[in-house]
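Step one of this worksheet: look at the structure below.
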Amino acid sequence: FISSLPPVKLGGSVAYTFRTQQSGETPREYGNLVTGSILGASYIWQPWFTTVDGNLNLTQEMTTGGTSETDSIVATGYANVNVLPLSNFPTSLSYLRSDSTVDGTLFTSQTTTQRGSIRNRLYFPDPRLTISTTGALENTERLSFGEEEAVMASVDVNKGFETSTVNAILRHDQSTFTSTSATSTGSDRVNDLANFRHDYQPFENVYVQSSSTVLKSEETVQNADRSTFFIQGVTSGQWRPGEIPVTVNGALRTLTQALEVASSTTDTQSVAGTVGANYVIAPRLTTNLGLNGTFSSVKTSAGAESGETSASNSQTQDATASAGINYNSLDTELAGFNWNWNTAAQSQAGYSSQGEGAGVVSSVNSFS
C-alpha cells in the first residue's frame with residue numbers, strides 16, 4: 001500500500017546570520033537572525049488530476065544591546081491545490097497565512113493575515129480566446145489597531161482576431177475595516193471597475209490602441225461619505241509608411257468624472273489631443289513637428305449648513321505648437337575614447353486661457 005502512494009518532493013534550508021555594530025558613544029548592538037524554510041510538492045492519484053504544493057517559512061530575529069532591544073518572529077505558509085492542471089479549464093485553490101510578532105522596548109505589534117483564493121482559466125478550441133476568473137477573501141488582524149476584511153472578484157476575457165485583439169476586465173473590490181482604537185471608527189470601501197482595450201491595424205502601416213475605463217467607487221471613512229464615478233477613453237495611433245522615413249503619432253484622451261464628498265459635488269470634463277511627426281532628412285539629421293491641445297471644464301457645487309448652496313464653473317483651453325531639428329555626429333576615437341556631439345534647435349508657440357497672463361507665448365531654444 002505504501003509503495004503505491006504518490007511520491008513527495010521535499011526541500012528546505014536553514015541559515016544563521018550574526019551582526020554587530022556600534023555608532024559613536026552608543027552601546028554596541030548585537031543581532032542574531034535565524035531563517036528556515038520547508039517546501040513540499042506531490043499529487044493526488046495522477047499528476048494530471050491534482051497537484052499539491054506548499055511552503056513554510058520561519059524567521060526569528062533578536063537584537064540586544066544598543067539603545068533598544070527587539071525580538072521578532074515571522075511565520076508564513078501557503079498551500080496550493082491545482083485541479084486538472086493540464087486540462088482546458090485548470091483551477092487553482094490556495095491558502096496563505098502569515099503571523100508576525102514584534103516585542104521590543106519601544107513598541108510591540110502583532111499581525112495575522114489569512115488569504116484564500118481560487119483561480120480558473122478556460123481555454124477554447126480557438127486558441128485566441130481565453131477567459132480567466134479570480135476570487136479572493138482576505139482577513140488581517142492587527143493588535144490594538146483593528147481588523148480588515150477584503151473581498152475581490154474579477155473576470156478577464158481575451159480574444160484575438162486576424163489583425164486585432166480585444167481585452168475586457170471586470171473587477172469588484174470590497175473591504176471593511178473595524179477599528180479597536182478609540183480615536184478611529186473604521187471604514188468601508190466598494191470599487192467596481194470595467195476596462196476594455198482594443199488593439200488593431202485598420203490599414204497597412206497604421207496601428208491603433210484604444211481603451212475605455214469605467215470606475216464607480218463608494219467610500220465611508222470616519223463617518224464621511226465619498227462617491228466617485230469615472231469614465232475615461234484613450235485612443236492612440238501610429239503611422240509608419242515604409243516608403244518614406246517618417247513616423248506620425250497621435251493620441252486623444254477624454255475624461256468625465258463626478259465626485260461627491262458630503263454635501264459637495266465636483267463634475268470634471270476634459271479633452272486632450274496631441275499629434276506629432278518625426279522625419280529623417282538625412283542620416284543622423286531629424287526634424288519634428290508637434291501640436292497639443294486641451295480643454296477642461298470643472299463645475300463645483302457646495303451646500304452650506306444654512307441650506308444655501310454655492311456653485312462655480314471654470315473652463316480652460318491650452319494649445320501649443322512646436323518644431324525642431326536635431327543632428328547627431330559620428331563617433332570619433334580620440335585618446336582611447338569615442339567622442340560625438342549633438343546640436344538641436346526647438347521653436348514653440350502656445351496659447352493659454354488660464355490666469356491674467358492668458359494669451360500667446362512663443363519661444364526659440366537651441367543647444368549643442
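All residue names refer to the C-alpha cells as shown: chains lettered A, B, ... in order, residues numbered from 1 in each chain, ligands numbered from 1 in order.
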From a DSSP pass on the backbone, collect the residues of segment 63-203 of chain A flagged as strand (DSSP E or B) and hand them back as an MDAnalysis selection string. chainID A and resid 63:65 70:83 91:104 108:123 129:142 146:160 164:179 187:203
Shell of 12 Å around Ala251 of chain A, only C-alpha atoms, local chain residues under 4 positions omitted, as a ChimeraX atom specification: /A:207-211,233-239,271-276,290-294
Excluding Ser23 of chain A and any residue of its chain fewer than 4 positions from it, enumerate the residues within 12 Å of it, using only C-alpha atoms, and give them as JSON, numbers by chain. {"A": [27, 28, 29, 66, 67]}
What does the structure give for the distance between atom CA of Thr265 of chain A and atom CA of Ala311 of chain A, in Å to one decimal? 9.4 Å
Pull the closest atom pair for each residue of segment 175-213 of chain A that gets at most 12 Å from segment 134-148 of chain A, along with the distance in Å to one decimal, counting only C-alpha atoms, ordering rows by chain and then ascending residue number, as JSON lines.
```
{"residue": "A:Ser175", "atom": "CA", "partner": "A:Glu148", "partner_atom": "CA", "distance": 6.9}
{"residue": "A:Thr176", "atom": "CA", "partner": "A:Glu148", "partner_atom": "CA", "distance": 5.6}
{"residue": "A:Phe177", "atom": "CA", "partner": "A:Glu148", "partner_atom": "CA", "distance": 4.2}
{"residue": "A:Thr178", "atom": "CA", "partner": "A:Glu147", "partner_atom": "CA", "distance": 5.2}
{"residue": "A:Ser179", "atom": "CA", "partner": "A:Gly146", "partner_atom": "CA", "distance": 4.2}
{"residue": "A:Thr180", "atom": "CA", "partner": "A:Gly146", "partner_atom": "CA", "distance": 4.9}
{"residue": "A:Ser181", "atom": "CA", "partner": "A:Phe145", "partner_atom": "CA", "distance": 5.8}
{"residue": "A:Ala182", "atom": "CA", "partner": "A:Phe145", "partner_atom": "CA", "distance": 9.6}
{"residue": "A:Thr183", "atom": "CA", "partner": "A:Phe145", "partner_atom": "CA", "distance": 10.2}
{"residue": "A:Ser184", "atom": "CA", "partner": "A:Phe145", "partner_atom": "CA", "distance": 9.1}
{"residue": "A:Thr185", "atom": "CA", "partner": "A:Gly146", "partner_atom": "CA", "distance": 9.9}
{"residue": "A:Gly186", "atom": "CA", "partner": "A:Gly146", "partner_atom": "CA", "distance": 8.2}
{"residue": "A:Ser187", "atom": "CA", "partner": "A:Glu148", "partner_atom": "CA", "distance": 9.2}
{"residue": "A:Asp188", "atom": "CA", "partner": "A:Glu148", "partner_atom": "CA", "distance": 9.6}
{"residue": "A:Arg189", "atom": "CA", "partner": "A:Glu148", "partner_atom": "CA", "distance": 11.0}
```
Would you mind exporting the chosen residues as a CSV table (one decimal), in the first residue's frame, restricted to N, CA, C and O atoms?
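Writing the result to out27.csv gives the following:
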```
chain,number,residue,atom,x,y,z
A,175,SER,N,-14.0,46.2,0.9
A,175,SER,CA,-13.2,46.0,2.1
A,175,SER,C,-13.9,46.7,3.3
A,175,SER,O,-14.5,47.8,3.1
A,176,THR,N,-13.8,46.1,4.4
A,176,THR,CA,-14.4,46.7,5.7
A,176,THR,C,-13.3,46.7,6.8
A,176,THR,O,-12.8,45.6,7.0
A,177,PHE,N,-13.1,47.8,7.3
A,177,PHE,CA,-12.1,47.9,8.4
A,177,PHE,C,-12.8,48.3,9.7
A,177,PHE,O,-13.6,49.3,9.8
A,178,THR,N,-12.7,47.4,10.7
A,178,THR,CA,-13.3,47.6,12.1
A,178,THR,C,-12.1,48.0,13.0
A,178,THR,O,-11.2,47.2,13.3
A,179,SER,N,-12.2,49.2,13.6
A,179,SER,CA,-11.2,49.7,14.4
A,179,SER,C,-11.4,49.3,15.9
A,179,SER,O,-12.5,49.3,16.4
A,180,THR,N,-10.3,49.0,16.6
A,180,THR,CA,-10.4,48.8,18.0
A,180,THR,C,-9.8,50.0,18.8
A,180,THR,O,-9.7,49.9,20.0
A,181,SER,N,-9.5,51.0,18.0
A,181,SER,CA,-9.0,52.2,18.7
A,181,SER,C,-10.1,53.2,19.0
A,181,SER,O,-11.0,53.3,18.2
A,182,ALA,N,-9.9,53.9,20.1
A,182,ALA,CA,-11.0,54.9,20.5
A,182,ALA,C,-11.0,56.1,19.6
A,182,ALA,O,-12.0,56.9,19.6
A,183,THR,N,-9.9,56.3,18.8
A,183,THR,CA,-9.8,57.5,18.0
A,183,THR,C,-10.2,57.3,16.6
A,183,THR,O,-10.2,58.2,15.7
A,184,SER,N,-10.6,56.0,16.2
A,184,SER,CA,-11.0,55.7,14.8
A,184,SER,C,-12.3,54.9,14.8
A,184,SER,O,-12.5,54.1,15.7
A,185,THR,N,-13.1,55.2,13.8
A,185,THR,CA,-14.4,54.5,13.7
A,185,THR,C,-14.4,53.5,12.5
A,185,THR,O,-15.5,52.9,12.2
A,186,GLY,N,-13.3,53.3,11.8
A,186,GLY,CA,-13.3,52.3,10.8
A,186,GLY,C,-13.6,52.9,9.4
A,186,GLY,O,-13.9,54.1,9.3
A,187,SER,N,-13.8,52.0,8.4
A,187,SER,CA,-14.1,52.5,7.1
A,187,SER,C,-14.7,51.3,6.2
A,187,SER,O,-14.5,50.2,6.6
A,188,ASP,N,-15.4,51.7,5.2
A,188,ASP,CA,-15.9,50.8,4.2
A,188,ASP,C,-15.6,51.3,2.8
A,188,ASP,O,-15.8,52.5,2.5
A,189,ARG,N,-15.2,50.4,1.9
A,189,ARG,CA,-14.9,50.8,0.5
A,189,ARG,C,-15.4,49.7,-0.4
A,189,ARG,O,-15.3,48.5,-0.2
```
Pick out the residues sitting within 12 Å of segment 80-94 of chain A, and hand them over as a VMD selection string; count only C-alpha atoms, and ignore anything fewer than 4 positions along from it in its own chain. chain A and resid 39 to 55 114 to 127 129 to 138
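Between atom CA of Ala153 of chain A and atom CA of Tyr95 of chain A lies a distance of 16.0 Å.
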Which is closest to Asn191 of chain A among A:Ser217, A:Gln110, A:Tyr351, A:Val151, if we use only C-alpha atoms? A:Ser217
Could you check the closest approach to Leu193 of chain A for each of A:Val157, A:Ala335, A:Leu215, A:Ala75 and tell me which residue wins, using only C-alpha atoms? A:Leu215
Between atom CA of Gly36 of chain A and atom CA of Leu58 of chain A, what is the distance, to one decimal in Å?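 Atom CA of Leu58 of chain A lies 5.2 Å from atom CA of Gly36 of chain A.
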